[in-house]
Structure formats: C-alpha cells, structure tokens
Amino acid sequence: MNKKPIFLLALIFSFISCKQTKNIKRNNTKVTQKKNISIDSSLVRKHLYTLSSDEMEGRKPGTEGMEKTTVYIENEYKKIGLKTFGDLKSYRQNFTHKGIKMSNIIGVLEGKTKKNEFVIVSAHHDHLGVKKSGDGDRIFNGANDDASGVVGVLTLAEYFAKSGTNERSILFVCFTAEEMGLIGSTYFGKGIDPTKFVAGINLELIGKEPKTGPKTAWLTGFDRSNFGKIIQKNLEGTDYKLFPDPYLKFNLFFRSDNASLARLGVPSHTFSTTPIDIDPDYHKVSDEAETLNVGVLTETVKAVAKGTESIINGKDTPTRVVIKE
C-alpha cells in the first residue's frame with residue numbers, strides 16, 4: 001500500500017496527534033522515523049458505552065455495579081502500563097466513608113526529568129445508582145456525568161503513555177463519591193504534599209456541544225490562575241478554542257473534584273462542554289450514552305491533550321490558584 005496519502009492525512013490532523021521519534025541507522029546514516037499517535041473515536045465510544053451501560057448499575061459507591069466499573073478501569077490502567085501510586089499495593093486507594101467501602105483509582109505515568117513534579121488528570125467514576133422505586137427506566141447511567149470524563153482519563157493515559165513526552169509524572173485518577181460531596185478527592189488531598197502538584201486537569205460533562213459552538217470548551221475558575229491562558233496559547237493555530245466558565249452563578253469551580261486540590265493551592269480546574277443551564281439530562285435517568293456526541297467528546301479530549309502539552313512536558317508551570325469563594 002502507498003504510504004504517502006496516509007502521511008499527508010496525518011499532517012493535516014497534526015494538532016490532534018503526537019509524533020514519536022525514533023533514531024535508526026540505515027547505511028551508517030541516522031534516519032528519524034515518526035510514528036503518529038492519535039486519540040481514536042472508536043476507543044472513546046467503547047469506553048463510553050461500557051462505563052455507562054446498565055450493567056454498571058449507575059456506579060453508586062458500595063454497589064456491585066461500582067465494583068464492575070472499578071475493575072474495568074483497573075484493567076485499562078494495567079493494559080496501558082501505569083504504575084501504582086506511592087505505597088499503594090494496587091491501583092485502589094481504599095477508605096471507608098459512613099460505613100461504605102470506597103476507592104479512588106490511581107495510575108501513574110512516571111516523568112523523565114521531573115519525576116517528583118506531578119500533574120493530575122482526573123474525573124469521577126461514581127454516579128447516582130438506581131432509583132428505589134418507579135416505573136420504566138430506573139438506572140442513572142451517568143453517561144455525561146461523568147463517564148465522559150473517565151473516558152477522557154483513560155484515553156489520555158494511553159495517549160501520553162505512547163507519546164512518551166511527559167517530563168513530569170502524571171497521575172490518572174478516577175475519584176469516587178463526587179456526587180456525595182467530593183468525598184474521594186477530599187480524601188486524596190489529605191494524603192499528598194500539594195507543593196509537588198503542578199496542575200490539576202479535571203474533566204466533567206464533556207460529551208455535548210456547548211453554547212459557545214463546535215470545537216469549544218469552557219474552564220472553571222479561569223481567572224484564579226494562568227492555567228487557562230496556557231491552554232489557550234497552546235491551542236493557537238488549531239480550530240479549537242477554550243473559554244472561561246459562562247455559568248459563574250452556579251459556582252461550578254467548587255462543585256467538582258478540582259476544588260479539593262484547588263483549596264490546597266494547586267492550580268486545578270475543570271474542563272466542560274455541556275450547556276448545564278438547559279441540559280435536559282443532568283442527574284436524570286435519561287443521561288445515557290445515546291444522548292452524547294462521540295465526536296464532541298473525542299475532539300475535546302484531543303484538545304485537552306494539545307492544550308496541556310507544555311505543562312506535561314515541563315515547559316510551563318501554572319501560577320498557584322487563588323481561592324476566594
């Protein structure tokens with residue numbers, strides 16, 4: 001098969017791909033080969049439909065459905081080759097809250113030259129479970145909230161693992177019990193040295209087109225650090241744009257897991273795309289995979305990869321976050 005058309009097509013979409021270089025010798029001359037690494041929409045779809053399936057029973061902490069979800073994420077971490085965090089013996093950070101056994105799921109991609117500087121990529125894998133009574137559909141599948149974010153965590157973990165460009169260590173974390181009041185991320189925050197955490201990249205409700213239009217997303221707490229401006233700069237020259245949170249009255253900066261780290265001074269912000277003020281499926285049993293746009297989800301994850309690139313590779317360090325609730 002002629003490889004030239006494939007190479008040209010890769011160039012057209014270069015912003016969403018990372019090229020991994022490899023030096024080889026050919027006739028005693030060094031030749032650089034480039035391998036395209038992209039985020040595949042078919043993998044995005046697979047993760048989304050699995051995580052938000054009826055089999056997961058709404059992913060409520062302490063349930064069989066949540067256990068199935070946890071095992072699925074652990075298996076993906078293992079396939080990617082992520083390491084465990086700190087002294088943990090597995091990907092699970094186990095704890096008990098109000099008599100319920102819970103676990104954050106943490107995988108580590110170690111950095112090369114800045115191993116002790118951490119960037120966290122996160123989403124919450126829990127949701128509301130199953131209605132106790134009622135007719136018809138009773139499962140809160142939570143496709144957008146926040147299976148979409150977990151999809152982002154898994155695909156970004158694979159992307160950065162293959163690209164090998166992370167000078168800083170990356171923690172890929174699926175927090176539990178966000179819906180119960182940021183329980184998992186609060187527990188995580190109590191056990192870390194926040195001064196070692198350079199940035200928090202939190203993903204929440206990223207499967208629907210925002211009111212700012214196609215290929216756009218918005219960021220909570222935009223003015224609390226220069227994190228958002230770094231992302232905007234890295235996206236210059238692409239057809240994707242990042243905007244400040246348009247829903248300030250909802251106080252969303254403090255309603256997702258980024259807040260647990262932000263309160264410790266970490267420049268931790270949440271990417272979202274959903275028009276939350278008019279979304280008919282938010283916290284409803286109708287929040288199912290079929291209501292999401294896999295294209296929007298895929299393009300958003302690609303933009304996050306490109307936008308955070310200079311933070312991941314150690315070139316940019318966001319200013320510490322300013323907390324004024």
# chains A, B, ... in the order shown; residues from 1 in each chain; ligands from 1
$ residues_around --residues "range 174-182 of chain A" --least-positions-apart "2" --cutoff "8 Å" --atoms "only C-alpha atoms" --output "list in words"
Lys60, Pro61, Met102, Ser103, Asn104, Ile105, Ile106, Ser122, Ala123, His124, His125, Asp126, His127, Leu128, Val150, Val153, Phe172, Gly184, Ser185, Thr186, Arg255, Ser256, Asp257 and Ser260 of chain A
$ residues_around --residues "Tyr49 in chain A" --least-positions-apart "5" --cutoff "12 Å" --atoms "only C-alpha atoms" --output "ChimeraX atom specification"
/A:42-44,54-56,69,141-144,147-148,150-151,287-294
$ write_last_selection --atoms "C-alpha atoms" --output "JSON list (two decimals), in the first residue's frame"
[["chain", "number", "residue", "atom", "x", "y", "z"],
["A", 42, "SER", "CA", -13.85, 4.09, 18.29],
["A", 43, "LEU", "CA", -11.99, 3.62, 21.58],
["A", 44, "VAL", "CA", -13.77, 6.66, 23.01],
["A", 54, "ASP", "CA", -26.95, -0.78, 32.55],
["A", 55, "GLU", "CA", -24.52, -3.44, 33.75],
["A", 56, "MET", "CA", -22.72, -0.78, 35.82],
["A", 69, "THR", "CA", -16.66, -0.20, 36.99],
["A", 141, "ASN", "CA", -26.37, 5.69, 33.83],
["A", 142, "GLY", "CA", -24.41, 8.95, 34.14],
["A", 143, "ALA", "CA", -23.03, 8.91, 30.61],
["A", 144, "ASN", "CA", -22.17, 12.60, 30.55],
["A", 147, "ALA", "CA", -18.50, 8.58, 32.30],
["A", 148, "SER", "CA", -17.45, 11.12, 29.66],
["A", 150, "VAL", "CA", -13.50, 8.91, 32.79],
["A", 151, "VAL", "CA", -13.29, 8.22, 29.05],
["A", 287, "ASP", "CA", -28.31, 10.66, 30.88],
["A", 288, "GLU", "CA", -27.38, 7.77, 28.58],
["A", 289, "ALA", "CA", -24.65, 7.27, 26.00],
["A", 290, "GLU", "CA", -27.06, 7.78, 23.11],
["A", 291, "THR", "CA", -27.63, 11.39, 24.20],
["A", 292, "LEU", "CA", -23.94, 12.28, 23.80],
["A", 293, "ASN", "CA", -21.96, 13.28, 20.74],
["A", 294, "VAL", "CA", -18.95, 10.99, 20.48]]
$ closest_residue --among "A:Ser272, A:Ser53, A:Asn75, A:Ser38" --to "Lys208 in chain A" --atoms "only C-alpha atoms"
A:Ser272
$ select_by_dssp --residues "range 239-272 of chain A" --states "strand (DSSP E or B)" --output "number ranges by chain"
A: 241-244, 268-272
$ write_last_selection --atoms "N, CA and C atoms" --output "PDB file, in the first residue's frame"
ATOM      1  N   LYS A 241     -11.125  26.119  20.551  1.00  0.00           N
ATOM      2  CA  LYS A 241     -10.974  27.272  21.450  1.00  0.00           C
ATOM      3  C   LYS A 241     -11.473  26.943  22.848  1.00  0.00           C
ATOM      4  N   LEU A 242     -10.823  27.563  23.833  1.00  0.00           N
ATOM      5  CA  LEU A 242     -11.214  27.415  25.233  1.00  0.00           C
ATOM      6  C   LEU A 242     -11.711  28.755  25.757  1.00  0.00           C
ATOM      7  N   PHE A 243     -12.856  28.731  26.474  1.00  0.00           N
ATOM      8  CA  PHE A 243     -13.459  29.937  27.022  1.00  0.00           C
ATOM      9  C   PHE A 243     -13.575  29.836  28.544  1.00  0.00           C
ATOM     10  N   PRO A 244     -13.647  30.982  29.223  1.00  0.00           N
ATOM     11  CA  PRO A 244     -13.926  30.961  30.655  1.00  0.00           C
ATOM     12  C   PRO A 244     -15.333  30.419  30.918  1.00  0.00           C
ATOM     13  N   SER A 268      -5.872  23.784  39.872  1.00  0.00           N
ATOM     14  CA  SER A 268      -6.685  22.661  39.417  1.00  0.00           C
ATOM     15  C   SER A 268      -8.023  23.189  38.916  1.00  0.00           C
ATOM     16  N   HIS A 269      -8.342  22.884  37.670  1.00  0.00           N
ATOM     17  CA  HIS A 269      -9.531  23.436  37.016  1.00  0.00           C
ATOM     18  C   HIS A 269     -10.279  22.329  36.280  1.00  0.00           C
ATOM     19  N   THR A 270     -11.542  22.591  35.967  1.00  0.00           N
ATOM     20  CA  THR A 270     -12.373  21.602  35.282  1.00  0.00           C
ATOM     21  C   THR A 270     -12.713  22.046  33.868  1.00  0.00           C
ATOM     22  N   PHE A 271     -12.451  21.151  32.907  1.00  0.00           N
ATOM     23  CA  PHE A 271     -12.897  21.338  31.529  1.00  0.00           C
ATOM     24  C   PHE A 271     -14.314  20.787  31.398  1.00  0.00           C
ATOM     25  N   SER A 272     -15.178  21.531  30.717  1.00  0.00           N
ATOM     26  CA  SER A 272     -16.528  21.045  30.450  1.00  0.00           C
ATOM     27  C   SER A 272     -17.012  21.604  29.122  1.00  0.00           C
TER      28      SER A 272
END
$ closest_residue --among "A:Thr165, A:Thr319, A:Asn258, A:Ser52" --to "Ile139 in chain A" --atoms "only C-alpha atoms"
A:Ser52
$ select_by_dssp --residues "range 58-230 of chain A" --states "alpha helix (DSSP H)" --output "PDB file with N, CA and C atoms, in the first residue's frame"
ATOM      1  N   GLU A  64     -22.409  -3.460  43.569  1.00  0.00           N
ATOM      2  CA  GLU A  64     -21.779  -4.393  42.637  1.00  0.00           C
ATOM      3  C   GLU A  64     -21.436  -3.699  41.323  1.00  0.00           C
ATOM      4  N   GLY A  65     -22.305  -2.769  40.899  1.00  0.00           N
ATOM      5  CA  GLY A  65     -22.044  -2.029  39.677  1.00  0.00           C
ATOM      6  C   GLY A  65     -20.782  -1.194  39.770  1.00  0.00           C
ATOM      7  N   MET A  66     -20.554  -0.592  40.945  1.00  0.00           N
ATOM      8  CA  MET A  66     -19.345   0.198  41.137  1.00  0.00           C
ATOM      9  C   MET A  66     -18.106  -0.688  41.128  1.00  0.00           C
ATOM     10  N   GLU A  67     -18.225  -1.882  41.674  1.00  0.00           N
ATOM     11  CA  GLU A  67     -17.106  -2.822  41.649  1.00  0.00           C
ATOM     12  C   GLU A  67     -16.757  -3.197  40.216  1.00  0.00           C
ATOM     13  N   LYS A  68     -17.759  -3.446  39.384  1.00  0.00           N
ATOM     14  CA  LYS A  68     -17.520  -3.772  37.978  1.00  0.00           C
ATOM     15  C   LYS A  68     -16.831  -2.609  37.261  1.00  0.00           C
ATOM     16  N   THR A  69     -17.268  -1.390  37.584  1.00  0.00           N
ATOM     17  CA  THR A  69     -16.661  -0.201  36.993  1.00  0.00           C
ATOM     18  C   THR A  69     -15.195  -0.082  37.382  1.00  0.00           C
ATOM     19  N   THR A  70     -14.933  -0.308  38.660  1.00  0.00           N
ATOM     20  CA  THR A  70     -13.566  -0.212  39.172  1.00  0.00           C
ATOM     21  C   THR A  70     -12.651  -1.227  38.500  1.00  0.00           C
ATOM     22  N   VAL A  71     -13.124  -2.448  38.364  1.00  0.00           N
ATOM     23  CA  VAL A  71     -12.336  -3.500  37.717  1.00  0.00           C
ATOM     24  C   VAL A  71     -12.042  -3.135  36.257  1.00  0.00           C
ATOM     25  N   TYR A  72     -13.035  -2.586  35.579  1.00  0.00           N
ATOM     26  CA  TYR A  72     -12.831  -2.181  34.184  1.00  0.00           C
ATOM     27  C   TYR A  72     -11.724  -1.134  34.085  1.00  0.00           C
ATOM     28  N   ILE A  73     -11.764  -0.124  34.932  1.00  0.00           N
ATOM     29  CA  ILE A  73     -10.751   0.934  34.902  1.00  0.00           C
ATOM     30  C   ILE A  73      -9.377   0.377  35.267  1.00  0.00           C
ATOM     31  N   GLU A  74      -9.332  -0.475  36.284  1.00  0.00           N
ATOM     32  CA  GLU A  74      -8.060  -1.096  36.673  1.00  0.00           C
ATOM     33  C   GLU A  74      -7.454  -1.888  35.515  1.00  0.00           C
ATOM     34  N   ASN A  75      -8.273  -2.634  34.825  1.00  0.00           N
ATOM     35  CA  ASN A  75      -7.778  -3.430  33.703  1.00  0.00           C
ATOM     36  C   ASN A  75      -7.221  -2.545  32.591  1.00  0.00           C
ATOM     37  N   GLU A  76      -7.871  -1.396  32.363  1.00  0.00           N
ATOM     38  CA  GLU A  76      -7.366  -0.465  31.349  1.00  0.00           C
ATOM     39  C   GLU A  76      -6.033   0.133  31.778  1.00  0.00           C
ATOM     40  N   TYR A  77      -5.908   0.498  33.055  1.00  0.00           N
ATOM     41  CA  TYR A  77      -4.638   1.018  33.570  1.00  0.00           C
ATOM     42  C   TYR A  77      -3.524  -0.013  33.359  1.00  0.00           C
ATOM     43  N   LYS A  78      -3.851  -1.288  33.640  1.00  0.00           N
ATOM     44  CA  LYS A  78      -2.858  -2.349  33.518  1.00  0.00           C
ATOM     45  C   LYS A  78      -2.429  -2.515  32.063  1.00  0.00           C
ATOM     46  N   LYS A  79      -3.392  -2.498  31.134  1.00  0.00           N
ATOM     47  CA  LYS A  79      -3.074  -2.611  29.706  1.00  0.00           C
ATOM     48  C   LYS A  79      -2.138  -1.495  29.265  1.00  0.00           C
ATOM     49  N   ILE A  80      -2.395  -0.287  29.758  1.00  0.00           N
ATOM     50  CA  ILE A  80      -1.596   0.879  29.375  1.00  0.00           C
ATOM     51  C   ILE A  80      -0.198   0.804  29.976  1.00  0.00           C
ATOM     52  N   SER A 148     -18.187  10.380  30.694  1.00  0.00           N
ATOM     53  CA  SER A 148     -17.451  11.116  29.659  1.00  0.00           C
ATOM     54  C   SER A 148     -16.081  11.554  30.150  1.00  0.00           C
ATOM     55  N   GLY A 149     -16.013  12.009  31.383  1.00  0.00           N
ATOM     56  CA  GLY A 149     -14.734  12.417  31.953  1.00  0.00           C
ATOM     57  C   GLY A 149     -13.782  11.255  32.158  1.00  0.00           C
ATOM     58  N   VAL A 150     -14.326  10.107  32.600  1.00  0.00           N
ATOM     59  CA  VAL A 150     -13.498   8.912  32.786  1.00  0.00           C
ATOM     60  C   VAL A 150     -12.954   8.434  31.444  1.00  0.00           C
ATOM     61  N   VAL A 151     -13.774   8.532  30.401  1.00  0.00           N
ATOM     62  CA  VAL A 151     -13.295   8.224  29.053  1.00  0.00           C
ATOM     63  C   VAL A 151     -12.065   9.082  28.731  1.00  0.00           C
ATOM     64  N   GLY A 152     -12.154  10.366  29.085  1.00  0.00           N
ATOM     65  CA  GLY A 152     -11.024  11.260  28.868  1.00  0.00           C
ATOM     66  C   GLY A 152      -9.781  10.824  29.622  1.00  0.00           C
ATOM     67  N   VAL A 153      -9.951  10.425  30.880  1.00  0.00           N
ATOM     68  CA  VAL A 153      -8.817   9.965  31.683  1.00  0.00           C
ATOM     69  C   VAL A 153      -8.155   8.751  31.028  1.00  0.00           C
ATOM     70  N   LEU A 154      -8.963   7.781  30.620  1.00  0.00           N
ATOM     71  CA  LEU A 154      -8.415   6.546  30.045  1.00  0.00           C
ATOM     72  C   LEU A 154      -7.724   6.791  28.706  1.00  0.00           C
ATOM     73  N   THR A 155      -8.354   7.587  27.849  1.00  0.00           N
ATOM     74  CA  THR A 155      -7.747   7.818  26.529  1.00  0.00           C
ATOM     75  C   THR A 155      -6.510   8.708  26.624  1.00  0.00           C
ATOM     76  N   LEU A 156      -6.516   9.650  27.542  1.00  0.00           N
ATOM     77  CA  LEU A 156      -5.325  10.488  27.727  1.00  0.00           C
ATOM     78  C   LEU A 156      -4.185   9.681  28.343  1.00  0.00           C
ATOM     79  N   ALA A 157      -4.514   8.748  29.214  1.00  0.00           N
ATOM     80  CA  ALA A 157      -3.475   7.889  29.793  1.00  0.00           C
ATOM     81  C   ALA A 157      -2.777   7.094  28.702  1.00  0.00           C
ATOM     82  N   GLU A 158      -3.558   6.532  27.794  1.00  0.00           N
ATOM     83  CA  GLU A 158      -2.967   5.765  26.693  1.00  0.00           C
ATOM     84  C   GLU A 158      -2.179   6.667  25.755  1.00  0.00           C
ATOM     85  N   TYR A 159      -2.725   7.844  25.487  1.00  0.00           N
ATOM     86  CA  TYR A 159      -2.081   8.794  24.575  1.00  0.00           C
ATOM     87  C   TYR A 159      -0.698   9.207  25.094  1.00  0.00           C
ATOM     88  N   PHE A 160      -0.646   9.640  26.361  1.00  0.00           N
ATOM     89  CA  PHE A 160       0.631  10.121  26.899  1.00  0.00           C
ATOM     90  C   PHE A 160       1.607   8.970  27.140  1.00  0.00           C
ATOM     91  N   ALA A 161       1.090   7.786  27.458  1.00  0.00           N
ATOM     92  CA  ALA A 161       1.974   6.634  27.635  1.00  0.00           C
ATOM     93  C   ALA A 161       2.671   6.287  26.323  1.00  0.00           C
ATOM     94  N   LYS A 162       1.935   6.355  25.228  1.00  0.00           N
ATOM     95  CA  LYS A 162       2.513   6.048  23.922  1.00  0.00           C
ATOM     96  C   LYS A 162       3.413   7.168  23.409  1.00  0.00           C
ATOM     97  N   SER A 163       3.050   8.403  23.710  1.00  0.00           N
ATOM     98  CA  SER A 163       3.834   9.524  23.184  1.00  0.00           C
ATOM     99  C   SER A 163       5.181   9.669  23.876  1.00  0.00           C
ATOM    100  N   ILE A 183     -16.124  13.505  48.140  1.00  0.00           N
ATOM    101  CA  ILE A 183     -15.557  12.675  49.203  1.00  0.00           C
ATOM    102  C   ILE A 183     -14.215  12.071  48.797  1.00  0.00           C
ATOM    103  N   GLY A 184     -14.151  11.474  47.620  1.00  0.00           N
ATOM    104  CA  GLY A 184     -12.924  10.812  47.188  1.00  0.00           C
ATOM    105  C   GLY A 184     -11.762  11.760  46.989  1.00  0.00           C
ATOM    106  N   SER A 185     -12.017  12.886  46.341  1.00  0.00           N
ATOM    107  CA  SER A 185     -10.927  13.842  46.090  1.00  0.00           C
ATOM    108  C   SER A 185     -10.476  14.526  47.376  1.00  0.00           C
ATOM    109  N   THR A 186     -11.405  14.731  48.314  1.00  0.00           N
ATOM    110  CA  THR A 186     -11.028  15.300  49.606  1.00  0.00           C
ATOM    111  C   THR A 186     -10.105  14.353  50.362  1.00  0.00           C
ATOM    112  N   TYR A 187     -10.449  13.073  50.335  1.00  0.00           N
ATOM    113  CA  TYR A 187      -9.603  12.066  50.988  1.00  0.00           C
ATOM    114  C   TYR A 187      -8.226  12.034  50.336  1.00  0.00           C
ATOM    115  N   PHE A 188      -8.183  12.044  49.030  1.00  0.00           N
ATOM    116  CA  PHE A 188      -6.910  12.047  48.312  1.00  0.00           C
ATOM    117  C   PHE A 188      -6.068  13.247  48.711  1.00  0.00           C
ATOM    118  N   GLY A 189      -6.673  14.423  48.772  1.00  0.00           N
ATOM    119  CA  GLY A 189      -5.954  15.652  49.079  1.00  0.00           C
ATOM    120  C   GLY A 189      -5.311  15.660  50.449  1.00  0.00           C
ATOM    121  N   LYS A 190      -5.898  14.928  51.393  1.00  0.00           N
ATOM    122  CA  LYS A 190      -5.359  14.890  52.755  1.00  0.00           C
ATOM    123  C   LYS A 190      -4.063  14.093  52.841  1.00  0.00           C
ATOM    124  N   PHE A 227      -3.576  29.052  34.322  1.00  0.00           N
ATOM    125  CA  PHE A 227      -3.730  27.742  33.691  1.00  0.00           C
ATOM    126  C   PHE A 227      -4.489  27.856  32.368  1.00  0.00           C
ATOM    127  N   GLY A 228      -5.634  28.533  32.395  1.00  0.00           N
ATOM    128  CA  GLY A 228      -6.455  28.665  31.192  1.00  0.00           C
ATOM    129  C   GLY A 228      -5.752  29.394  30.066  1.00  0.00           C
ATOM    130  N   LYS A 229      -4.972  30.405  30.398  1.00  0.00           N
ATOM    131  CA  LYS A 229      -4.256  31.155  29.374  1.00  0.00           C
ATOM    132  C   LYS A 229      -3.169  30.299  28.712  1.00  0.00           C
ATOM    133  N   ILE A 230      -2.565  29.416  29.502  1.00  0.00           N
ATOM    134  CA  ILE A 230      -1.572  28.497  28.929  1.00  0.00           C
ATOM    135  C   ILE A 230      -2.245  27.580  27.914  1.00  0.00           C
TER     136      ILE A 230
END
$ closest_residue --among "A:Arg92, A:Arg263, A:Arg59, A:Lys306" --to "Leu235 in chain A" --atoms "only C-alpha atoms"
A:Lys306
$ closest_residue --among "A:Trp218, A:Phe250, A:Phe85, A:Tyr240" --to "Ile120 in chain A" --atoms "only C-alpha atoms"
A:Phe85
$ closest_residue --among "A:Thr300, A:Lys324, A:Thr317, A:Lys98" --to "Asn251 in chain A" --atoms "only C-alpha atoms"
A:Lys324
$ residues_around --residues "Ile278 in chain A" --least-positions-apart "5" --cutoff "12 Å" --atoms "only C-alpha atoms" --output "MDAnalysis selection string"
chainID A and resid 208:211 247
$ closest_residue --among "A:Thr195, A:Thr63, A:Asn202, A:Ser41" --to "Val173 in chain A" --atoms "only C-alpha atoms"
A:Asn202
$ atom_distance --atom1 "CA of Pro214 in chain A" --atom2 "CA of Gly295 in chain A"
10.1 Å
